[in-house]
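Let me begin by presenting the structure, written as structure tokens, before commenting on it.
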There are 2 protein chains.
Amino acid sequence: MSEVICTVDVVLLTLRDDALQVLLHRREREPFVGTLALPGGYVHTDSDRDTRDAALRVLRDKPGVHSPYLEQLGTFSGPARDPRGWSISVVYYALVPDTLITEAADAVLCSVDDLRGLPFDHAQIVAAACERVRNKSSYSSLPVHLCPAPFTLPQLQVVYEALLGEPLNKVSFRRKMDELDVLEAIPGAFSSGNAHRPAQLYQVKPAWRHALSLSERAI
Amino acid sequence: MSEVICTVDVVLLTLRDDALQVLLHRREREPFVGTLALPGGYVHTDSDRDTRDAALRVLRDKPGVHSPYLEQLGTFSGPARDPRGWSISVVYYALVPDTLITEAADAVLCSVDDLRGLPFDHAQIVAAACERVRNKSSYSSLPVHLCPAPFTLPQLQVVYEALLGEPLNKVSFRRKMDELDVLEAIPGAFSSGNAHRPAQLYQVKPAWRHALSLSERAI
DNA sequence: TTTAATTAGTTGCAAACATAAACTAAGTGG
DNA sequence: CCACTTAGTTTATGTTTGCAACTAATTAAA
């Protein structure tokens with residue numbers, strides 16, 4: 001019943017080149033100083049109101065990421081995951097459109113299928129986050145948080161298809177988006193510059209900026 | 001960044017009188033000594049392999065509860081939920097058939113709709129567990145873990161209806177159970193003693209004893 | 001021993017829903 | 001102004017769902 005090391009980590013995911021990518025941060029402290037790892041740190045008991053607050057604080061260091069979709073992924077624990085001793089990590093995952101992410105020397109986007117040498121159990125954590133995102137994408141509005149606003153329905157469909165790994169029926173997809181009721185057409189705004197018919201531009205209704213709409217049936 | 005109090009709590013749920021009931025334990029220590037609360041305690045860093053292991057240890061104290069369905073619910077945290085200071089509780093929920101639960105002076109079943117005076121944020125935790133169970137019941141095999149084996153399909157349907165709070169269509173329900181593919185008929189075993197046609201008895205296939213089968217569509 | 005009552009389990013059909021293909025709409029570039 | 005491309009809708013077809021009515025198997029009572 002000795003000391004438990006207690007930290008908060010964040011899996012910041014985005015979609016770039018039709019693939020999930022995770023933001024990794026170069027560690028400034030031991031253990032694993034200088035290695036790319038999930039951003040995170042200790043809870044600040046003097047200023048954090050809870051672990052979610054701590055996760056938001058971790059994210060605020062990243063320029064461009066203001067108030068992303070954020071959800072608790074789960075808590076990972078054990079005696080060996082951290083060389084300092086028996087540890088717990090409360091993990092949150094965040095989704096942001098890739099246009100909002102600015103990479104830096106100490107903040108790098110990596111494809112989630114190509115993660116080598118991650119310290120701690122961070123590879124397992126990223127895998128769990130991807131599974132959660134892909135699973136929720138199949139019956140919810142989750143993917144809208146990966147789409148830079150404003151966006152068209154065909155663009156959003158591409159995002160869904162990238163996450164689900166399968167092509168979707170255009171008519172069904174539009175009907176589902178209509179049922180989820182999270183999007184609002186921007187009056188008079190259409191995509192332009194392409195050699196074809198412009199598409200209606202949409203944005204997420206304010207009430208759904210940080211929430212999920214669930215579908216009874218799969219998308 | 002001072003000390004964080006780190007505990008594991010368990011929401012042990014069962015279905016009695018067609019209502020979700022939670023097992024509460026009379027606390028033997030401060031704070032709130034003598035009060036009914038969720039069973040739980042500190043992580044034993046010398047013997048627990050992770051927090052799930054700690055939750056199972058907490059449950060092993062309860063006679064009759066051997067290897068229930070167990071899933072991490074989430075982690076609850078903050079400066080005020082525990083009078084001792086900034087604390088984290090990693091919470092698991094377990095489902096067991098009510099026939100396996102033996103109540104005692106220090107272990108009492110309470111209806112989840114009738115919880116007064118729970119210490120810490122345990123009322124909120126129980127509410128979150130119920131929401132999770134009811135939600136998962138709508139598209140998975142979760143409720144089979146609340147049904148004492150062997151059981152009939154009509155009995156299982158009553159369990160689903162109690163959790164979902166609405167009557168289900170008999171034909172659809174049987175089709176869904178067939179699709180979930182978690183049950184096996186016990187050859188030659190039928191319910192008896194009732195003044196009507198006996199029903200086939202079923203049990204959960206071994207592979208699904210601690211897992212969930214998910215349905216694309218709602219039950 | 002028959003009959004009524006009750007619940008288990010199946011069948012058939014109509015309505016609701018999902019999918020694919022074919023269509024119309026609206027832009028760009030030659 | 002015509003070919004090409006993608007946006008968005010319509011139509012037809014196939015699949016899923018839910019209700020009602022059916023048959024099946026038991027007990028209790030006449």
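Residue numbering restarts at 1 for every chain of the structure tokens, chains are lettered A, B, ... in their displayed order, and ligands are numbered from 1 as they appear.
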
Contacts of DG30 of chain C at 12 Å or less, counting only C-alpha atoms (C1' of nucleotides), minus same-chain residues fewer than 6 places along, as a PDB file with all heavy atoms, in the first residue's frame?
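And here's selection13.pdb as it stands now:
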```pdb
ATOM      1  P    DC D   1     -24.841  28.945 -77.792  1.00  0.00           P
ATOM      2  OP1  DC D   1     -25.001  29.374 -79.194  1.00  0.00           O
ATOM      3  OP2  DC D   1     -25.949  29.170 -76.849  1.00  0.00           O
ATOM      4  O5'  DC D   1     -24.450  27.409 -77.730  1.00  0.00           O
ATOM      5  C5'  DC D   1     -23.473  26.877 -78.615  1.00  0.00           C
ATOM      6  C4'  DC D   1     -22.789  25.684 -77.954  1.00  0.00           C
ATOM      7  O4'  DC D   1     -21.638  26.130 -77.180  1.00  0.00           O
ATOM      8  C3'  DC D   1     -23.688  24.954 -76.934  1.00  0.00           C
ATOM      9  O3'  DC D   1     -23.329  23.573 -76.926  1.00  0.00           O
ATOM     10  C2'  DC D   1     -23.225  25.545 -75.615  1.00  0.00           C
ATOM     11  C1'  DC D   1     -21.724  25.520 -75.924  1.00  0.00           C
ATOM     12  N1   DC D   1     -20.877  26.241 -74.946  1.00  0.00           N
ATOM     13  C2   DC D   1     -19.558  25.857 -74.780  1.00  0.00           C
ATOM     14  O2   DC D   1     -19.129  24.938 -75.487  1.00  0.00           O
ATOM     15  N3   DC D   1     -18.766  26.496 -73.882  1.00  0.00           N
ATOM     16  C4   DC D   1     -19.288  27.493 -73.155  1.00  0.00           C
ATOM     17  N4   DC D   1     -18.476  28.108 -72.286  1.00  0.00           N
ATOM     18  C5   DC D   1     -20.642  27.908 -73.289  1.00  0.00           C
ATOM     19  C6   DC D   1     -21.392  27.269 -74.179  1.00  0.00           C
ATOM     20  P    DC D   2     -24.076  22.441 -77.763  1.00  0.00           P
ATOM     21  OP1  DC D   2     -24.217  22.942 -79.154  1.00  0.00           O
ATOM     22  OP2  DC D   2     -25.279  22.033 -76.992  1.00  0.00           O
ATOM     23  O5'  DC D   2     -23.039  21.233 -77.773  1.00  0.00           O
ATOM     24  C5'  DC D   2     -21.690  21.476 -78.192  1.00  0.00           C
ATOM     25  C4'  DC D   2     -20.716  20.732 -77.284  1.00  0.00           C
ATOM     26  O4'  DC D   2     -20.182  21.631 -76.270  1.00  0.00           O
ATOM     27  C3'  DC D   2     -21.318  19.548 -76.523  1.00  0.00           C
ATOM     28  O3'  DC D   2     -20.391  18.462 -76.575  1.00  0.00           O
ATOM     29  C2'  DC D   2     -21.492  20.082 -75.112  1.00  0.00           C
ATOM     30  C1'  DC D   2     -20.252  20.988 -75.010  1.00  0.00           C
ATOM     31  N1   DC D   2     -20.353  22.042 -73.956  1.00  0.00           N
ATOM     32  C2   DC D   2     -19.219  22.375 -73.228  1.00  0.00           C
ATOM     33  O2   DC D   2     -18.153  21.793 -73.474  1.00  0.00           O
ATOM     34  N3   DC D   2     -19.306  23.326 -72.265  1.00  0.00           N
ATOM     35  C4   DC D   2     -20.472  23.934 -72.031  1.00  0.00           C
ATOM     36  N4   DC D   2     -20.511  24.878 -71.087  1.00  0.00           N
ATOM     37  C5   DC D   2     -21.654  23.608 -72.778  1.00  0.00           C
ATOM     38  C6   DC D   2     -21.558  22.669 -73.705  1.00  0.00           C
ATOM     39  P    DA D   3     -20.862  16.985 -76.109  1.00  0.00           P
ATOM     40  OP1  DA D   3     -20.914  16.133 -77.323  1.00  0.00           O
ATOM     41  OP2  DA D   3     -22.043  17.083 -75.223  1.00  0.00           O
ATOM     42  O5'  DA D   3     -19.614  16.513 -75.232  1.00  0.00           O
ATOM     43  C5'  DA D   3     -18.294  16.865 -75.629  1.00  0.00           C
ATOM     44  C4'  DA D   3     -17.377  16.808 -74.428  1.00  0.00           C
ATOM     45  O4'  DA D   3     -17.607  17.983 -73.593  1.00  0.00           O
ATOM     46  C3'  DA D   3     -17.613  15.597 -73.523  1.00  0.00           C
ATOM     47  O3'  DA D   3     -16.356  15.075 -73.128  1.00  0.00           O
ATOM     48  C2'  DA D   3     -18.387  16.165 -72.342  1.00  0.00           C
ATOM     49  C1'  DA D   3     -17.829  17.575 -72.242  1.00  0.00           C
ATOM     50  N9   DA D   3     -18.733  18.548 -71.632  1.00  0.00           N
ATOM     51  C8   DA D   3     -20.068  18.733 -71.904  1.00  0.00           C
ATOM     52  N7   DA D   3     -20.616  19.694 -71.204  1.00  0.00           N
ATOM     53  C5   DA D   3     -19.573  20.180 -70.428  1.00  0.00           C
ATOM     54  C6   DA D   3     -19.505  21.202 -69.465  1.00  0.00           C
ATOM     55  N6   DA D   3     -20.543  21.966 -69.119  1.00  0.00           N
ATOM     56  N1   DA D   3     -18.306  21.422 -68.868  1.00  0.00           N
ATOM     57  C2   DA D   3     -17.271  20.664 -69.212  1.00  0.00           C
ATOM     58  N3   DA D   3     -17.211  19.671 -70.108  1.00  0.00           N
ATOM     59  C4   DA D   3     -18.408  19.488 -70.679  1.00  0.00           C
ATOM     60  P    DC D   4     -16.238  13.700 -72.280  1.00  0.00           P
ATOM     61  OP1  DC D   4     -14.982  13.037 -72.672  1.00  0.00           O
ATOM     62  OP2  DC D   4     -17.545  13.010 -72.389  1.00  0.00           O
ATOM     63  O5'  DC D   4     -16.062  14.212 -70.786  1.00  0.00           O
ATOM     64  C5'  DC D   4     -14.987  15.127 -70.488  1.00  0.00           C
ATOM     65  C4'  DC D   4     -15.106  15.596 -69.056  1.00  0.00           C
ATOM     66  O4'  DC D   4     -16.156  16.586 -68.941  1.00  0.00           O
ATOM     67  C3'  DC D   4     -15.448  14.488 -68.058  1.00  0.00           C
ATOM     68  O3'  DC D   4     -14.439  14.440 -67.074  1.00  0.00           O
ATOM     69  C2'  DC D   4     -16.803  14.922 -67.468  1.00  0.00           C
ATOM     70  C1'  DC D   4     -16.742  16.432 -67.672  1.00  0.00           C
ATOM     71  N1   DC D   4     -18.072  17.088 -67.683  1.00  0.00           N
ATOM     72  C2   DC D   4     -18.260  18.232 -66.892  1.00  0.00           C
ATOM     73  O2   DC D   4     -17.318  18.654 -66.216  1.00  0.00           O
ATOM     74  N3   DC D   4     -19.471  18.841 -66.884  1.00  0.00           N
ATOM     75  C4   DC D   4     -20.470  18.349 -67.636  1.00  0.00           C
ATOM     76  N4   DC D   4     -21.629  18.993 -67.612  1.00  0.00           N
ATOM     77  C5   DC D   4     -20.291  17.187 -68.453  1.00  0.00           C
ATOM     78  C6   DC D   4     -19.093  16.589 -68.444  1.00  0.00           C
TER      79       DC D   4
END
```

Neighbours of chain B in chain C at 7 Å, counting only C-alpha atoms (C1' of nucleotides), as a count of residues only
3

How many Å separate atom CA of Gly188 of chain A from atom CA of Leu142 of chain A?
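These two atoms are separated by 25.8 Å.
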
Residue hits in chain B, query chain A, radius 10 Å, only C-alpha atoms, as number ranges by chain:
B: 1-7, 42-53, 72-80, 85-88, 90-91, 138-139, 215-219

As a VMD selection string, please: all residues of segment 6-79 of chain A that backbone DSSP puts in alpha helix (DSSP H).
chain A and resid 51 to 60

Would you please extract all strand (DSSP E) residues from chain A, as assigned by DSSP on the backbone, and give them as a ChimeraX atom specification?
/A:5-16,19-26,36-37,40-42,69-78,87-95,107-111,151-152,183-190,200-204

Just give me the gap between atom CA of Tyr202 of chain B and atom C1' of DT26 of chain D in Å, one decimal is fine.
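Atom CA of Tyr202 of chain B sits 19.1 Å away from atom C1' of DT26 of chain D.
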
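By chain and then residue number, the residues within 12 Å of DT23 of chain D are Arg197 of chain B; DA8, DG9, DT10 and DT11 of chain C; DA21 and DA25 of chain D, counting only C-alpha atoms (C1' of nucleotides) and disregarding those fewer than 2 positions away in sequence.
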
Save out the residues we just selected, C-alpha atoms (C1' of nucleotides), as a compact mmCIF listing (two decimals), in the first residue's frame.
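Generated output (again-v3.txt):
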```
# COMPACT_ATOMS: atom_id res chain seq x y z
CA ARG B 197 -45.85 -25.14 -21.80
C1' DA C 8 -43.76 -21.05 -25.29
C1' DG C 9 -42.48 -20.74 -29.65
C1' DT C 10 -43.38 -20.19 -34.92
C1' DT C 11 -45.39 -18.43 -39.16
C1' DA D 21 -52.58 -15.03 -35.44
C1' DA D 25 -47.15 -28.21 -24.30
```

Considering only C-alpha atoms (C1' of nucleotides), return as a compact mmCIF listing (two decimals) with C-alpha atoms (C1' of nucleotides), in the first residue's frame whatever protein or nucleic-acid residues lie within 10 Å of DA12 of chain D, sequence-local ones (same chain, fewer than 4 positions apart) excluded.
```
# COMPACT_ATOMS: atom_id res chain seq x y z
C1' DA C 20 -28.27 0.81 -55.43
C1' DA C 21 -28.93 2.77 -59.71
C1' DA C 22 -30.46 6.25 -62.40
```

What lies within 9 Å of Arg209 of chain A using only C-alpha atoms (C1' of nucleotides), ignoring chain neighbours under 5 positions off, as a PyMOL selection string?
chain A and resi 68-69+145+182+204

Generate the output file for the selected residues, all heavy atoms, as an mmCIF file, in the first residue's frame.
```
data_model
loop_
_atom_site.group_PDB
_atom_site.id
_atom_site.type_symbol
_atom_site.label_atom_id
_atom_site.label_comp_id
_atom_site.auth_asym_id
_atom_site.auth_seq_id
_atom_site.Cartn_x
_atom_site.Cartn_y
_atom_site.Cartn_z
ATOM 1 N N PRO A 68 -11.292 21.515 -27.544
ATOM 2 C CA PRO A 68 -11.602 20.380 -28.414
ATOM 3 C C PRO A 68 -12.664 19.489 -27.784
ATOM 4 O O PRO A 68 -13.019 19.651 -26.612
ATOM 5 C CB PRO A 68 -10.272 19.641 -28.466
ATOM 6 C CG PRO A 68 -9.691 19.859 -27.112
ATOM 7 C CD PRO A 68 -10.118 21.251 -26.717
ATOM 8 N N TYR A 69 -13.150 18.555 -28.593
ATOM 9 C CA TYR A 69 -13.965 17.486 -28.019
ATOM 10 C C TYR A 69 -13.046 16.656 -27.142
ATOM 11 O O TYR A 69 -11.990 16.203 -27.574
ATOM 12 C CB TYR A 69 -14.572 16.612 -29.111
ATOM 13 C CG TYR A 69 -15.342 15.464 -28.539
ATOM 14 C CD1 TYR A 69 -16.638 15.648 -28.056
ATOM 15 C CD2 TYR A 69 -14.781 14.205 -28.426
ATOM 16 C CE1 TYR A 69 -17.339 14.606 -27.492
ATOM 17 C CE2 TYR A 69 -15.476 13.155 -27.861
ATOM 18 C CZ TYR A 69 -16.758 13.366 -27.395
ATOM 19 O OH TYR A 69 -17.438 12.336 -26.819
ATOM 20 N N HIS A 145 -16.068 16.196 -35.219
ATOM 21 C CA HIS A 145 -15.052 16.960 -34.493
ATOM 22 C C HIS A 145 -13.678 16.877 -35.145
ATOM 23 O O HIS A 145 -12.753 17.559 -34.725
ATOM 24 C CB HIS A 145 -14.990 16.472 -33.044
ATOM 25 C CG HIS A 145 -16.298 16.605 -32.333
ATOM 26 N ND1 HIS A 145 -16.874 17.817 -32.052
ATOM 27 C CD2 HIS A 145 -17.169 15.668 -31.880
ATOM 28 C CE1 HIS A 145 -18.035 17.628 -31.444
ATOM 29 N NE2 HIS A 145 -18.241 16.324 -31.334
ATOM 30 N N VAL A 182 -27.093 17.217 -35.895
ATOM 31 C CA VAL A 182 -26.033 18.014 -35.274
ATOM 32 C C VAL A 182 -25.511 19.099 -36.198
ATOM 33 O O VAL A 182 -24.763 19.972 -35.767
ATOM 34 C CB VAL A 182 -24.838 17.136 -34.836
ATOM 35 C CG1 VAL A 182 -25.261 16.153 -33.781
ATOM 36 C CG2 VAL A 182 -24.219 16.442 -36.020
ATOM 37 N N VAL A 204 -21.185 22.528 -37.210
ATOM 38 C CA VAL A 204 -21.801 21.822 -36.086
ATOM 39 C C VAL A 204 -22.642 22.814 -35.285
ATOM 40 O O VAL A 204 -22.193 23.924 -34.992
ATOM 41 C CB VAL A 204 -20.719 21.189 -35.177
ATOM 42 C CG1 VAL A 204 -21.363 20.491 -33.990
ATOM 43 C CG2 VAL A 204 -19.868 20.230 -35.981
#
```

Env of Glu103 of chain B: 9 Å cut, atoms = only C-alpha atoms (C1' of nucleotides), seq-sep filter 6 positions within chain, self excluded. Answer as a list in words.
Leu23, Lys62, Pro63 and Leu109 of chain B

Which residues are close to segment 183-185 of chain A, i.e. within 10 Å by only C-alpha atoms (C1' of nucleotides), leaving aside same-chain residues fewer than 2 positions away? Reply as JSON, numbers by chain.
{"A": [141, 144, 150, 151, 152, 153, 177, 178, 179, 180, 181, 187, 188, 189, 190, 200, 201, 202, 203, 204, 205, 206, 208]}
